[in-house]
Amino acid sequence: MSTSLSRTPRKSIALTGLLIIFAIYSLVPLVWLIINASKTQAGLFSSFGLWFDEDFVLFQNIYETLTYRDGIFVRWLGNTLLYVVVGAGGATLLSTLAGYGLAKFRFPGRKGVFAIVLGAVAIPGTALAVPTFLLFSQLGLTNTPWAIIIPSLISPFGLYLIWVYAIESVPTEILEAARMDGAGELRTFFTISIRLLAPGIVTVLLFTVVATWNNYFLPLIMLSDPALYPLTVGLNQWNAQSIGAGAQPIYNLVLTGSLLTIVPIVIAFLVLQRFWQSGLSAGSVKG
């Protein structure tokens, strides 16, 4: 007994140390971004990277970022929100419906579908970017919002996650009782199953939102009109503009734009985390 008690503090200290290292590793880039977004263009190269400059111009940088080139950053933000709302939202809906159906209904070819989904999960998205571009160019959909939205609707990992989650979280007995009471499949799904699936749905939603928000390679090859760019491609264009010969560097705007870009993702995590907590609490008292 004494041996187990003596090992526990050592293990706790080691885990605490690892968590501290991980927290530092995760937070230092964010702190660096916040600090440097508050500097002038000249201050970025004349002061230490992890400390503030004499001139604190964060709000001025935000204003210049939002108004630079007739407010193109705001246009890129609107494009990104469109791609996320329609693409990630549609992917979550399709993954939920398909994953639930595969988990709770038996039909011929179900194992084959499972194998196809696992194979699709194993294929990286970048490997499909060029074939997708060739397909969309034949359909005349390149350089349109549909070239970003339609591929974003497919989420094999989200479908697999809902599939696995629905098997355990939605008891078959509840569905059978609802059917005996005369409830149709759609009514059962939207009144019973979707509540039990809420933590899994939120998890898939966050995965798809982050993936669509940070999508870079697909918009880069699909879009040629800057007015259709998402934030990732637009900010990279600004960065390339600063590097070009004879160009006026705007690194302060690139950094400020990067800071503004992560704010919606942080808000999304803070808003949606309560659904995880409520789902875990419901599961802890179940049974």
# chains A, B, ... in the order shown; residues from 1 in each chain; ligands from 1
$ select_by_dssp --residues "stretch 171-234 of chain A" --states "alpha helix (DSSP H)" --output "count of residues only"
42
$ residues_around --residues "stretch 27-39 of chain A" --least-positions-apart "6" --cutoff "12 Å" --atoms "only C-alpha atoms" --output "PyMOL selection string"
chain A and resi 19-21+45-65+250-263+266
$ write_last_selection --atoms "C-alpha atoms" --output "compact mmCIF listing (two decimals), in the first residue's frame"
# COMPACT_ATOMS: atom_id res chain seq x y z
CA LEU A 19 0.88 19.10 -19.38
CA ILE A 20 2.84 22.26 -18.61
CA ILE A 21 5.21 21.59 -21.50
CA PHE A 45 12.04 43.94 -36.99
CA SER A 46 13.28 46.34 -34.31
CA SER A 47 11.95 44.66 -31.15
CA PHE A 48 12.03 41.26 -29.49
CA GLY A 49 9.42 38.89 -30.92
CA LEU A 50 7.94 37.88 -27.58
CA TRP A 51 7.59 41.36 -26.14
CA PHE A 52 5.59 44.45 -27.02
CA ASP A 53 7.00 47.40 -28.93
CA GLU A 54 6.87 50.98 -27.70
CA ASP A 55 3.99 51.70 -30.08
CA PHE A 56 0.87 49.60 -29.36
CA VAL A 57 -1.07 49.78 -32.62
CA LEU A 58 -3.27 46.67 -32.46
CA PHE A 59 -6.52 48.53 -33.09
CA GLN A 60 -4.94 50.59 -35.87
CA ASN A 61 -3.69 47.38 -37.49
CA ILE A 62 -7.18 45.88 -37.23
CA TYR A 63 -8.67 48.92 -38.92
CA GLU A 64 -6.07 48.87 -41.69
CA THR A 65 -6.55 45.12 -42.20
CA ILE A 250 2.54 44.47 -45.06
CA TYR A 251 3.60 41.80 -42.57
CA ASN A 252 1.79 43.68 -39.80
CA LEU A 253 -1.48 43.27 -41.73
CA VAL A 254 -0.75 39.59 -42.41
CA LEU A 255 -0.21 38.95 -38.71
CA THR A 256 -3.26 40.95 -37.69
CA GLY A 257 -5.36 39.15 -40.28
CA SER A 258 -4.09 35.81 -38.95
CA LEU A 259 -5.11 36.84 -35.45
CA LEU A 260 -8.58 37.83 -36.63
CA THR A 261 -8.85 34.53 -38.50
CA ILE A 262 -8.52 32.37 -35.38
CA VAL A 263 -11.06 34.36 -33.33
CA VAL A 266 -12.01 30.00 -30.68
$ residues_around --residues "A:Phe133" --least-positions-apart "2" --cutoff "9 Å" --atoms "only C-alpha atoms" --output "number ranges by chain"
A: 128-131, 135-138, 142, 147, 218, 221-222
$ residues_around --residues "A:Trp146" --least-positions-apart "3" --cutoff "10 Å" --atoms "only C-alpha atoms" --output "list of chain:residue names"
A:Tyr83, A:Gly87, A:Phe136, A:Leu141, A:Thr142, A:Asn143, A:Ile149, A:Ile150, A:Pro151, A:Ser152, A:Met222
$ write_last_selection --atoms "N, CA and C atoms" --output "PDB file, in the first residue's frame"
ATOM      1  N   TYR A  83     -18.381  29.145 -47.081  1.00  0.00           N
ATOM      2  CA  TYR A  83     -17.883  27.792 -47.289  1.00  0.00           C
ATOM      3  C   TYR A  83     -18.059  26.934 -46.041  1.00  0.00           C
ATOM      4  N   GLY A  87     -20.704  24.214 -46.453  1.00  0.00           N
ATOM      5  CA  GLY A  87     -19.901  23.007 -46.619  1.00  0.00           C
ATOM      6  C   GLY A  87     -19.813  22.172 -45.352  1.00  0.00           C
ATOM      7  N   PHE A 136     -13.902  18.887 -61.798  1.00  0.00           N
ATOM      8  CA  PHE A 136     -14.676  20.122 -61.774  1.00  0.00           C
ATOM      9  C   PHE A 136     -14.401  20.998 -62.988  1.00  0.00           C
ATOM     10  N   LEU A 141     -17.084  24.030 -63.242  1.00  0.00           N
ATOM     11  CA  LEU A 141     -17.364  24.566 -61.909  1.00  0.00           C
ATOM     12  C   LEU A 141     -16.144  25.170 -61.229  1.00  0.00           C
ATOM     13  N   THR A 142     -14.989  25.131 -61.877  1.00  0.00           N
ATOM     14  CA  THR A 142     -13.824  25.768 -61.268  1.00  0.00           C
ATOM     15  C   THR A 142     -14.019  27.280 -61.223  1.00  0.00           C
ATOM     16  N   ASN A 143     -13.345  27.898 -60.264  1.00  0.00           N
ATOM     17  CA  ASN A 143     -13.457  29.341 -60.038  1.00  0.00           C
ATOM     18  C   ASN A 143     -14.886  29.759 -59.701  1.00  0.00           C
ATOM     19  N   ILE A 149     -17.463  24.225 -52.003  1.00  0.00           N
ATOM     20  CA  ILE A 149     -18.563  23.734 -51.167  1.00  0.00           C
ATOM     21  C   ILE A 149     -18.821  22.251 -51.389  1.00  0.00           C
ATOM     22  N   ILE A 150     -18.900  21.821 -52.648  1.00  0.00           N
ATOM     23  CA  ILE A 150     -19.267  20.428 -52.935  1.00  0.00           C
ATOM     24  C   ILE A 150     -18.254  19.437 -52.354  1.00  0.00           C
ATOM     25  N   PRO A 151     -16.923  19.607 -52.548  1.00  0.00           N
ATOM     26  CA  PRO A 151     -15.988  18.668 -51.907  1.00  0.00           C
ATOM     27  C   PRO A 151     -16.046  18.714 -50.376  1.00  0.00           C
ATOM     28  N   SER A 152     -16.404  19.872 -49.820  1.00  0.00           N
ATOM     29  CA  SER A 152     -16.478  19.982 -48.364  1.00  0.00           C
ATOM     30  C   SER A 152     -17.653  19.225 -47.782  1.00  0.00           C
ATOM     31  N   MET A 222      -8.371  25.622 -57.148  1.00  0.00           N
ATOM     32  CA  MET A 222      -9.703  25.755 -57.734  1.00  0.00           C
ATOM     33  C   MET A 222     -10.043  27.189 -58.126  1.00  0.00           C
TER      34      MET A 222
END
$ closest_atom_pairs --of "stretch 33-110 of chain A" --to "stretch 201-212 of chain A" --cutoff "9 Å" --atoms "only C-alpha atoms" --output "tab-separated table"
residue	atom	partner	partner_atom	distance
A:Thr80	CA	A:Thr212	CA	8.1
A:Tyr83	CA	A:Thr212	CA	7.0
A:Val84	CA	A:Thr212	CA	5.7
A:Val85	CA	A:Val209	CA	8.1
A:Gly87	CA	A:Thr212	CA	7.4
A:Ala88	CA	A:Thr208	CA	5.0
A:Gly89	CA	A:Leu205	CA	6.9
A:Ala91	CA	A:Thr208	CA	7.1
A:Thr92	CA	A:Leu205	CA	5.5
A:Leu93	CA	A:Ile201	CA	8.5
A:Ser95	CA	A:Val204	CA	8.2
A:Thr96	CA	A:Ile201	CA	6.8
$ atom_distance --atom1 "atom CA of A:Phe190" --atom2 "atom CA of A:Gly101"
13.0 Å
$ residues_around --residues "stretch 163-170 of chain A" --least-positions-apart "4" --cutoff "10 Å" --atoms "only C-alpha atoms" --output "number ranges by chain"
A: 95-104, 114, 157-159, 174-175, 192-201, 283
$ write_last_selection --atoms "N, CA and C atoms" --output "PDB file, in the first residue's frame"
ATOM      1  N   SER A  95     -23.226  13.368 -42.773  1.00  0.00           N
ATOM      2  CA  SER A  95     -22.540  12.363 -41.967  1.00  0.00           C
ATOM      3  C   SER A  95     -23.449  11.805 -40.886  1.00  0.00           C
ATOM      4  N   THR A  96     -24.253  12.689 -40.278  1.00  0.00           N
ATOM      5  CA  THR A  96     -25.165  12.239 -39.224  1.00  0.00           C
ATOM      6  C   THR A  96     -26.226  11.304 -39.781  1.00  0.00           C
ATOM      7  N   LEU A  97     -26.844  11.687 -40.886  1.00  0.00           N
ATOM      8  CA  LEU A  97     -27.887  10.850 -41.474  1.00  0.00           C
ATOM      9  C   LEU A  97     -27.330   9.512 -41.943  1.00  0.00           C
ATOM     10  N   ALA A  98     -26.193   9.564 -42.649  1.00  0.00           N
ATOM     11  CA  ALA A  98     -25.623   8.331 -43.187  1.00  0.00           C
ATOM     12  C   ALA A  98     -25.084   7.441 -42.077  1.00  0.00           C
ATOM     13  N   GLY A  99     -24.364   8.021 -41.124  1.00  0.00           N
ATOM     14  CA  GLY A  99     -23.809   7.227 -40.037  1.00  0.00           C
ATOM     15  C   GLY A  99     -24.884   6.590 -39.182  1.00  0.00           C
ATOM     16  N   TYR A 100     -25.943   7.326 -38.897  1.00  0.00           N
ATOM     17  CA  TYR A 100     -27.065   6.784 -38.125  1.00  0.00           C
ATOM     18  C   TYR A 100     -27.753   5.660 -38.889  1.00  0.00           C
ATOM     19  N   GLY A 101     -27.974   5.859 -40.170  1.00  0.00           N
ATOM     20  CA  GLY A 101     -28.622   4.822 -40.967  1.00  0.00           C
ATOM     21  C   GLY A 101     -27.800   3.555 -41.046  1.00  0.00           C
ATOM     22  N   LEU A 102     -26.486   3.692 -41.211  1.00  0.00           N
ATOM     23  CA  LEU A 102     -25.624   2.524 -41.283  1.00  0.00           C
ATOM     24  C   LEU A 102     -25.520   1.809 -39.937  1.00  0.00           C
ATOM     25  N   ALA A 103     -25.667   2.548 -38.853  1.00  0.00           N
ATOM     26  CA  ALA A 103     -25.545   1.947 -37.523  1.00  0.00           C
ATOM     27  C   ALA A 103     -26.810   1.235 -37.092  1.00  0.00           C
ATOM     28  N   LYS A 104     -27.976   1.720 -37.514  1.00  0.00           N
ATOM     29  CA  LYS A 104     -29.238   1.218 -36.960  1.00  0.00           C
ATOM     30  C   LYS A 104     -30.112   0.459 -37.956  1.00  0.00           C
ATOM     31  N   PHE A 114     -18.993  -0.155 -45.318  1.00  0.00           N
ATOM     32  CA  PHE A 114     -18.057   0.061 -44.207  1.00  0.00           C
ATOM     33  C   PHE A 114     -16.612   0.045 -44.707  1.00  0.00           C
ATOM     34  N   PHE A 157     -14.509  10.656 -42.426  1.00  0.00           N
ATOM     35  CA  PHE A 157     -14.211  10.504 -41.004  1.00  0.00           C
ATOM     36  C   PHE A 157     -15.423  10.858 -40.153  1.00  0.00           C
ATOM     37  N   GLY A 158     -16.149  11.920 -40.530  1.00  0.00           N
ATOM     38  CA  GLY A 158     -17.345  12.294 -39.782  1.00  0.00           C
ATOM     39  C   GLY A 158     -18.407  11.217 -39.850  1.00  0.00           C
ATOM     40  N   LEU A 159     -18.590  10.613 -41.035  1.00  0.00           N
ATOM     41  CA  LEU A 159     -19.554   9.526 -41.183  1.00  0.00           C
ATOM     42  C   LEU A 159     -19.161   8.345 -40.305  1.00  0.00           C
ATOM     43  N   ILE A 174     -35.012   1.629 -27.498  1.00  0.00           N
ATOM     44  CA  ILE A 174     -35.755   2.892 -27.544  1.00  0.00           C
ATOM     45  C   ILE A 174     -36.390   3.080 -28.920  1.00  0.00           C
ATOM     46  N   LEU A 175     -35.644   2.752 -29.965  1.00  0.00           N
ATOM     47  CA  LEU A 175     -36.180   2.891 -31.321  1.00  0.00           C
ATOM     48  C   LEU A 175     -37.350   1.940 -31.546  1.00  0.00           C
ATOM     49  N   ILE A 192     -35.768  11.817 -30.862  1.00  0.00           N
ATOM     50  CA  ILE A 192     -35.091  10.958 -29.883  1.00  0.00           C
ATOM     51  C   ILE A 192     -33.602  10.810 -30.206  1.00  0.00           C
ATOM     52  N   SER A 193     -33.330  10.281 -31.381  1.00  0.00           N
ATOM     53  CA  SER A 193     -31.945   9.902 -31.709  1.00  0.00           C
ATOM     54  C   SER A 193     -31.014  11.100 -31.766  1.00  0.00           C
ATOM     55  N   ILE A 194     -31.480  12.206 -32.337  1.00  0.00           N
ATOM     56  CA  ILE A 194     -30.582  13.344 -32.527  1.00  0.00           C
ATOM     57  C   ILE A 194     -30.130  13.939 -31.194  1.00  0.00           C
ATOM     58  N   ARG A 195     -30.965  13.806 -30.154  1.00  0.00           N
ATOM     59  CA  ARG A 195     -30.563  14.287 -28.828  1.00  0.00           C
ATOM     60  C   ARG A 195     -29.475  13.404 -28.244  1.00  0.00           C
ATOM     61  N   LEU A 196     -29.603  12.103 -28.433  1.00  0.00           N
ATOM     62  CA  LEU A 196     -28.590  11.182 -27.932  1.00  0.00           C
ATOM     63  C   LEU A 196     -27.286  11.297 -28.710  1.00  0.00           C
ATOM     64  N   LEU A 197     -27.380  11.726 -29.945  1.00  0.00           N
ATOM     65  CA  LEU A 197     -26.202  11.869 -30.801  1.00  0.00           C
ATOM     66  C   LEU A 197     -25.534  13.232 -30.689  1.00  0.00           C
ATOM     67  N   ALA A 198     -26.092  14.120 -29.876  1.00  0.00           N
ATOM     68  CA  ALA A 198     -25.620  15.514 -29.833  1.00  0.00           C
ATOM     69  C   ALA A 198     -24.112  15.644 -29.619  1.00  0.00           C
ATOM     70  N   PRO A 199     -23.487  14.965 -28.632  1.00  0.00           N
ATOM     71  CA  PRO A 199     -22.028  15.113 -28.486  1.00  0.00           C
ATOM     72  C   PRO A 199     -21.261  14.668 -29.722  1.00  0.00           C
ATOM     73  N   GLY A 200     -21.683  13.569 -30.345  1.00  0.00           N
ATOM     74  CA  GLY A 200     -21.011  13.117 -31.562  1.00  0.00           C
ATOM     75  C   GLY A 200     -21.198  14.085 -32.712  1.00  0.00           C
ATOM     76  N   ILE A 201     -22.404  14.646 -32.837  1.00  0.00           N
ATOM     77  CA  ILE A 201     -22.667  15.615 -33.908  1.00  0.00           C
ATOM     78  C   ILE A 201     -21.808  16.858 -33.732  1.00  0.00           C
ATOM     79  N   GLY A 283     -24.689  11.000 -20.091  1.00  0.00           N
ATOM     80  CA  GLY A 283     -24.206   9.620 -20.126  1.00  0.00           C
ATOM     81  C   GLY A 283     -23.772   9.110 -18.775  1.00  0.00           C
TER      82      GLY A 283
END
$ closest_residue --among "A:Ala122, A:Leu228, A:Met180, A:Val271" --to "A:Ile148" --atoms "only C-alpha atoms"
A:Leu228
$ closest_residue --among "A:Arg110, A:Gln41, A:Gly78, A:Leu272" --to "A:Ser242" --atoms "only C-alpha atoms"
A:Gln41
$ atom_distance --atom1 "atom CA of A:Gly125" --atom2 "atom CA of A:Pro219"
12.4 Å
